[in-house]
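Q: For reference, the structure I am asking about is given below.
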Amino acid sequence: MERPIDFDLIRNARFPEGEFGLRMIEGMNQGHAALTDWGFSQVESWGKTILDVGCGGGAALRKLAEALPEATFWGCDISPLAVSASVEMNRENTLNGRMTFVVCGVSELPFESKKFDTVFSVESLYFWPNPKEDLKEISRVLKPGGRFMTVLEMVGGRLSQRHQAIAERLEMFCPTAEELENLFKESGFCVEKILHDTERGWLCGVGMKMN
Ligand SMILES: C[S@@+](CC[C@H](N)C(=O)[O-])C[C@H]1O[C@@H](n2cnc3c(N)ncnc32)[C@H](O)[C@@H]1O
């Protein structure tokens with residue numbers, strides 16, 4: 001029999017808080033590692049200023065910082081608990097100024113225009129209030145020629161019953177590959193890649209800001 005869905009825990013994927021939020025953050029740090037690696041492998045060039053939107057517990061930035069010793073990193077998340085967990089996970093780099101974490105939502109990023117070479121987001125776009133406008137806000141903070149990469153494991157039209165129930169309860173937007181591509185285009189990005197790994201059920205989009 002399929003195990004019941006613990007919505008008290010699962011709702012912390014949208015906004016981690018309290019004890020269950022901490023459990024969810026720990027779970028996501030481990031559970032999203034392979035998906036994150038796959039997304040990272042799709043980015044051809046990172047540049048030196050990099051932002052993670054919806055950074056959760058900060059494991060993705062930790063890994064990237066090891067791979068890109070020349071780069072400087074920012075992470076933001078709407079959840080104060082996620083941001084404090086990210087600081088904890090990246091204590092040394094936060095203290096030495098190589099990494100900065102901010103509590104904020106994607107819709108109003110507290111960064112100057114054209115600051116970043118690359119912005120990425122793992123498993124967060126589902127929860128954004130207005131994905132098209134939010135991608136435009138991401139485009140604003142990207143340099144011309146900069147990239148946005150996102151990866152998702154809940155893909156529209158291919159959800160299991162369990163994922164369907166979670167998506168409905170958490171009011172998630174789970175795009176199909178076509179919807180993700182349209183979203184990139186409608187937000188002004190030049191689409192570099194839309195990849196759907198149907199075996200693992202993963203979806204990755206990479207877009208470039210043209211000017
Ligand atoms: C499923 S978790 C993924 C966290 C992390 N990227 C990872 O892969 O482990 C989604 C994250 O997006 C954040 N989030 C939700 N809505 C957001 C918004 N409007 N702006 C920024 N972050 C948001 C949540 O607080 C949560 O930490």
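Following the order of the structure tokens, chains are lettered A, B, ..., residues in each are numbered from 1, and ligands are numbered from 1.
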Using only C-alpha atoms and all ligand atoms, find each residue of chain A with at least one atom at most 9 Å away from an atom of ligand 1; report its shortest atom-to-atom pair and that distance in Å (one decimal), sort the rows by chain and rising residue number, and return the result as CSV.
A:
residue,atom,partner,partner_atom_place_in_ligand_line,distance
A:Asn12,CA,ligand 1,26 (C),7.6
A:Ala13,CA,ligand 1,1 (C),4.3
A:Arg14,CA,ligand 1,24 (C),4.7
A:Phe15,CA,ligand 1,25 (O),4.1
A:Pro16,CA,ligand 1,25 (O),5.6
A:Glu17,CA,ligand 1,25 (O),8.7
A:Met24,CA,ligand 1,2 (S),8.4
A:Ile25,CA,ligand 1,9 (O),6.6
A:Glu26,CA,ligand 1,9 (O),8.3
A:Gly27,CA,ligand 1,9 (O),7.9
A:Met28,CA,ligand 1,9 (O),4.3
A:Asn29,CA,ligand 1,9 (O),4.8
A:Gln30,CA,ligand 1,9 (O),7.7
A:Gly31,CA,ligand 1,9 (O),7.6
A:His32,CA,ligand 1,8 (O),5.3
A:Ala33,CA,ligand 1,8 (O),7.6
A:Leu35,CA,ligand 1,8 (O),8.3
A:Thr36,CA,ligand 1,8 (O),7.0
A:Asp52,CA,ligand 1,6 (N),7.6
A:Val53,CA,ligand 1,21 (C),5.8
A:Gly54,CA,ligand 1,22 (N),3.6
A:Cys55,CA,ligand 1,6 (N),4.2
A:Gly56,CA,ligand 1,27 (O),3.6
A:Gly57,CA,ligand 1,9 (O),6.0
A:Gly58,CA,ligand 1,5 (C),7.0
A:Ala59,CA,ligand 1,9 (O),6.9
A:Ala60,CA,ligand 1,8 (O),7.0
A:Cys76,CA,ligand 1,21 (C),6.5
A:Asp77,CA,ligand 1,22 (N),4.0
A:Ile78,CA,ligand 1,22 (N),4.4
A:Ser79,CA,ligand 1,25 (O),4.5
A:Pro80,CA,ligand 1,25 (O),8.1
A:Leu81,CA,ligand 1,25 (O),8.4
A:Ala82,CA,ligand 1,27 (O),5.6
A:Val83,CA,ligand 1,27 (O),8.2
A:Val103,CA,ligand 1,21 (C),8.2
A:Cys104,CA,ligand 1,21 (C),6.2
A:Gly105,CA,ligand 1,20 (N),3.3
A:Val106,CA,ligand 1,20 (N),3.9
A:Ser107,CA,ligand 1,19 (N),6.5
A:Glu108,CA,ligand 1,20 (N),8.6
A:Leu109,CA,ligand 1,20 (N),8.8
A:Ser121,CA,ligand 1,6 (N),6.0
A:Val122,CA,ligand 1,6 (N),4.3
A:Glu123,CA,ligand 1,3 (C),4.8
A:Ser124,CA,ligand 1,10 (C),4.1
A:Leu125,CA,ligand 1,12 (O),7.3
A:Tyr126,CA,ligand 1,16 (N),7.8
A:Phe127,CA,ligand 1,16 (N),4.7
A:Trp128,CA,ligand 1,19 (N),4.4
A:Pro129,CA,ligand 1,19 (N),6.0
A:Asn130,CA,ligand 1,19 (N),8.6
A:Asp134,CA,ligand 1,19 (N),8.5
A:Val151,CA,ligand 1,8 (O),8.9
Q: For the residues in that selection, give me N, CA and C atoms as a compact mmCIF listing (two decimals), in the first residue's frame.
A:
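Heads up, here's the output in part19.txt:
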# COMPACT_ATOMS: atom_id res chain seq x y z
N ASN A 12 5.96 22.30 3.94
CA ASN A 12 7.21 23.03 4.19
C ASN A 12 8.12 23.09 2.96
N ALA A 13 7.75 22.39 1.90
CA ALA A 13 8.49 22.54 0.64
C ALA A 13 8.22 23.93 0.07
N ARG A 14 7.02 24.46 0.31
CA ARG A 14 6.65 25.80 -0.19
C ARG A 14 7.23 26.90 0.69
N PHE A 15 7.20 26.66 1.99
CA PHE A 15 7.68 27.67 2.95
C PHE A 15 8.17 26.95 4.19
N PRO A 16 9.46 26.58 4.22
CA PRO A 16 9.96 25.86 5.39
C PRO A 16 9.90 26.73 6.65
N GLU A 17 9.31 26.17 7.69
CA GLU A 17 9.28 26.87 8.98
C GLU A 17 9.19 25.85 10.11
N MET A 24 12.39 19.21 6.51
CA MET A 24 12.23 19.31 5.06
C MET A 24 13.51 19.84 4.40
N ILE A 25 14.13 20.83 5.02
CA ILE A 25 15.36 21.40 4.47
C ILE A 25 16.46 20.34 4.40
N GLU A 26 16.59 19.57 5.50
CA GLU A 26 17.60 18.49 5.49
C GLU A 26 17.31 17.49 4.38
N GLY A 27 16.04 17.14 4.25
CA GLY A 27 15.63 16.17 3.22
C GLY A 27 15.93 16.70 1.82
N MET A 28 15.64 17.99 1.60
CA MET A 28 15.84 18.57 0.26
C MET A 28 17.33 18.69 -0.06
N ASN A 29 18.13 19.03 0.94
CA ASN A 29 19.58 19.14 0.70
C ASN A 29 20.13 17.84 0.13
N GLN A 30 19.63 16.73 0.66
CA GLN A 30 20.10 15.43 0.15
C GLN A 30 19.32 15.00 -1.08
N GLY A 31 18.01 15.11 -0.98
CA GLY A 31 17.13 14.56 -2.01
C GLY A 31 17.23 15.26 -3.36
N HIS A 32 17.68 16.51 -3.37
CA HIS A 32 17.77 17.25 -4.64
C HIS A 32 19.17 17.26 -5.24
N ALA A 33 20.10 16.51 -4.62
CA ALA A 33 21.50 16.59 -5.06
C ALA A 33 21.68 16.13 -6.51
N LEU A 35 19.42 15.84 -8.93
CA LEU A 35 18.69 16.74 -9.83
C LEU A 35 19.50 18.04 -10.03
N THR A 36 20.06 18.53 -8.94
CA THR A 36 20.87 19.76 -9.01
C THR A 36 22.10 19.55 -9.89
N ASP A 52 21.29 32.05 -6.53
CA ASP A 52 20.36 30.92 -6.41
C ASP A 52 19.05 31.45 -5.84
N VAL A 53 17.96 31.36 -6.61
CA VAL A 53 16.66 31.85 -6.14
C VAL A 53 15.86 30.67 -5.56
N GLY A 54 15.40 30.84 -4.31
CA GLY A 54 14.73 29.74 -3.61
C GLY A 54 15.78 28.74 -3.17
N CYS A 55 16.80 29.25 -2.49
CA CYS A 55 18.02 28.45 -2.22
C CYS A 55 17.81 27.37 -1.18
N GLY A 56 16.67 27.38 -0.47
CA GLY A 56 16.42 26.33 0.53
C GLY A 56 17.56 26.28 1.54
N GLY A 57 18.10 25.08 1.77
CA GLY A 57 19.14 24.91 2.79
C GLY A 57 20.55 25.19 2.33
N GLY A 58 20.74 25.64 1.08
CA GLY A 58 22.05 26.12 0.65
C GLY A 58 23.03 25.08 0.15
N ALA A 59 22.57 23.83 -0.03
CA ALA A 59 23.50 22.78 -0.46
C ALA A 59 23.98 22.99 -1.90
N ALA A 60 23.11 23.51 -2.75
CA ALA A 60 23.50 23.71 -4.15
C ALA A 60 24.64 24.73 -4.24
N CYS A 76 18.92 33.56 -2.23
CA CYS A 76 17.77 34.20 -1.61
C CYS A 76 16.63 33.20 -1.48
N ASP A 77 15.82 33.43 -0.47
CA ASP A 77 14.67 32.55 -0.24
C ASP A 77 13.65 33.35 0.55
N ILE A 78 12.37 33.02 0.32
CA ILE A 78 11.30 33.74 1.00
C ILE A 78 11.18 33.30 2.46
N SER A 79 11.79 32.17 2.78
CA SER A 79 11.70 31.62 4.14
C SER A 79 12.93 32.01 4.97
N PRO A 80 12.70 32.73 6.10
CA PRO A 80 13.83 33.07 6.97
C PRO A 80 14.56 31.82 7.48
N LEU A 81 13.81 30.74 7.73
CA LEU A 81 14.45 29.51 8.22
C LEU A 81 15.40 28.94 7.16
N ALA A 82 14.97 28.98 5.89
CA ALA A 82 15.84 28.48 4.81
C ALA A 82 17.11 29.31 4.74
N VAL A 83 16.95 30.62 4.87
CA VAL A 83 18.14 31.48 4.78
C VAL A 83 19.09 31.22 5.95
N VAL A 103 16.77 37.21 2.76
CA VAL A 103 15.37 36.78 2.80
C VAL A 103 14.59 37.68 1.85
N CYS A 104 14.06 37.12 0.80
CA CYS A 104 13.22 37.89 -0.13
C CYS A 104 12.51 36.93 -1.06
N GLY A 105 11.44 37.41 -1.67
CA GLY A 105 10.74 36.64 -2.70
C GLY A 105 11.30 36.97 -4.07
N VAL A 106 11.07 36.08 -5.00
CA VAL A 106 11.60 36.25 -6.36
C VAL A 106 11.00 37.47 -7.06
N SER A 107 9.79 37.87 -6.64
CA SER A 107 9.09 38.94 -7.38
C SER A 107 9.74 40.30 -7.20
N GLU A 108 10.46 40.47 -6.10
CA GLU A 108 11.17 41.75 -5.88
C GLU A 108 12.56 41.44 -5.35
N LEU A 109 13.47 41.26 -6.27
CA LEU A 109 14.84 40.91 -5.86
C LEU A 109 15.59 42.17 -5.46
N SER A 121 17.74 28.18 -10.26
CA SER A 121 16.73 27.87 -9.27
C SER A 121 16.38 26.38 -9.37
N VAL A 122 16.44 25.70 -8.23
CA VAL A 122 16.16 24.26 -8.18
C VAL A 122 14.85 24.03 -7.42
N GLU A 123 13.87 23.47 -8.09
CA GLU A 123 12.63 23.04 -7.43
C GLU A 123 11.89 24.17 -6.70
N SER A 124 11.91 25.36 -7.26
CA SER A 124 11.25 26.47 -6.57
C SER A 124 10.19 27.15 -7.42
N LEU A 125 10.35 27.14 -8.73
CA LEU A 125 9.45 27.88 -9.62
C LEU A 125 7.98 27.50 -9.44
N TYR A 126 7.72 26.27 -9.01
CA TYR A 126 6.34 25.84 -8.78
C TYR A 126 5.55 26.81 -7.90
N PHE A 127 6.29 27.45 -6.99
CA PHE A 127 5.64 28.21 -5.91
C PHE A 127 5.61 29.71 -6.18
N TRP A 128 6.17 30.14 -7.28
CA TRP A 128 6.28 31.58 -7.51
C TRP A 128 4.93 32.19 -7.83
N PRO A 129 4.67 33.41 -7.33
CA PRO A 129 3.34 34.00 -7.49
C PRO A 129 2.95 34.26 -8.95
N ASN A 130 3.91 34.65 -9.77
CA ASN A 130 3.59 34.98 -11.16
C ASN A 130 4.82 34.66 -12.02
N ASP A 134 7.93 36.99 -12.72
CA ASP A 134 9.08 36.67 -11.87
C ASP A 134 10.32 36.36 -12.72
N VAL A 151 15.61 23.74 -12.76
CA VAL A 151 15.32 22.30 -12.84
C VAL A 151 14.14 21.97 -11.93
Q: With DSSP run on the backbone, what are the helix (DSSP H, G or I) residues within stretch 77-121 of chain A? I'd like them as a list of chain:residue names.
A: A:Pro80, A:Leu81, A:Ala82, A:Val83, A:Ser84, A:Ala85, A:Ser86, A:Val87, A:Glu88, A:Met89, A:Arg91, A:Glu92, A:Asn93, A:Thr94, A:Leu95
Q: Let's see if you can do this: from backbone DSSP, list all strand (DSSP E or B) residues in stretch 52-209 of chain A, as a VMD selection string.
A: chain A and resid 52 to 53 72 to 77 99 to 103 116 to 122 142 to 152 189 to 197 202 to 209
Q: Could you check how far atom CA of A:Ile138 sits from atom CA of A:Phe40, in Å to one decimal?
A: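 Answer for the atom CA of A:Ile138 to atom CA of A:Phe40 separation: 17.8 Å.
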Q: Atom CA of A:Leu22 and atom CA of A:Thr100, how far apart in Å?
A: 20.3 Å
Q: Restricting the calculation to only C-alpha atoms, which member of A:Val155, A:Val102, A:Ala165, A:Met210 is positioned closest to A:Phe7?
A: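 Residue with the minimum atom-to-atom distance to A:Phe7: A:Ala165.
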Q: Of the residues A:Gly201, A:Gly145, A:Gly207, A:Gly188, which is the one nearest to A:His163, using only C-alpha atoms?
A: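 Among the listed residues, the smallest separation from A:His163 belongs to A:Gly201.
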Q: Any idea what's packed within 9 Å of stretch 110-114 of chain A, counting only C-alpha atoms, ignoring anything in its chain fewer than 4 positions away? Could you give it as a list in words?
A: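 Non-adjacent residues within range: Val102, Cys104, Ser139, Arg140, Val141, Leu142, Lys143, Pro144 and Gly146 of chain A.
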Q: One decimal, in Å: what's the spacing between atom CA of A:Phe101 and atom CA of A:Trp74?
A: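 Those two atoms sit 5.7 Å apart.
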Q: For A:Glu137, which residue among A:Asn93, A:Ser187, A:Gln161, A:Thr150 is the nearest when counting only C-alpha atoms?
A: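 Closest residue, counting only C-alpha atoms: A:Ser187.
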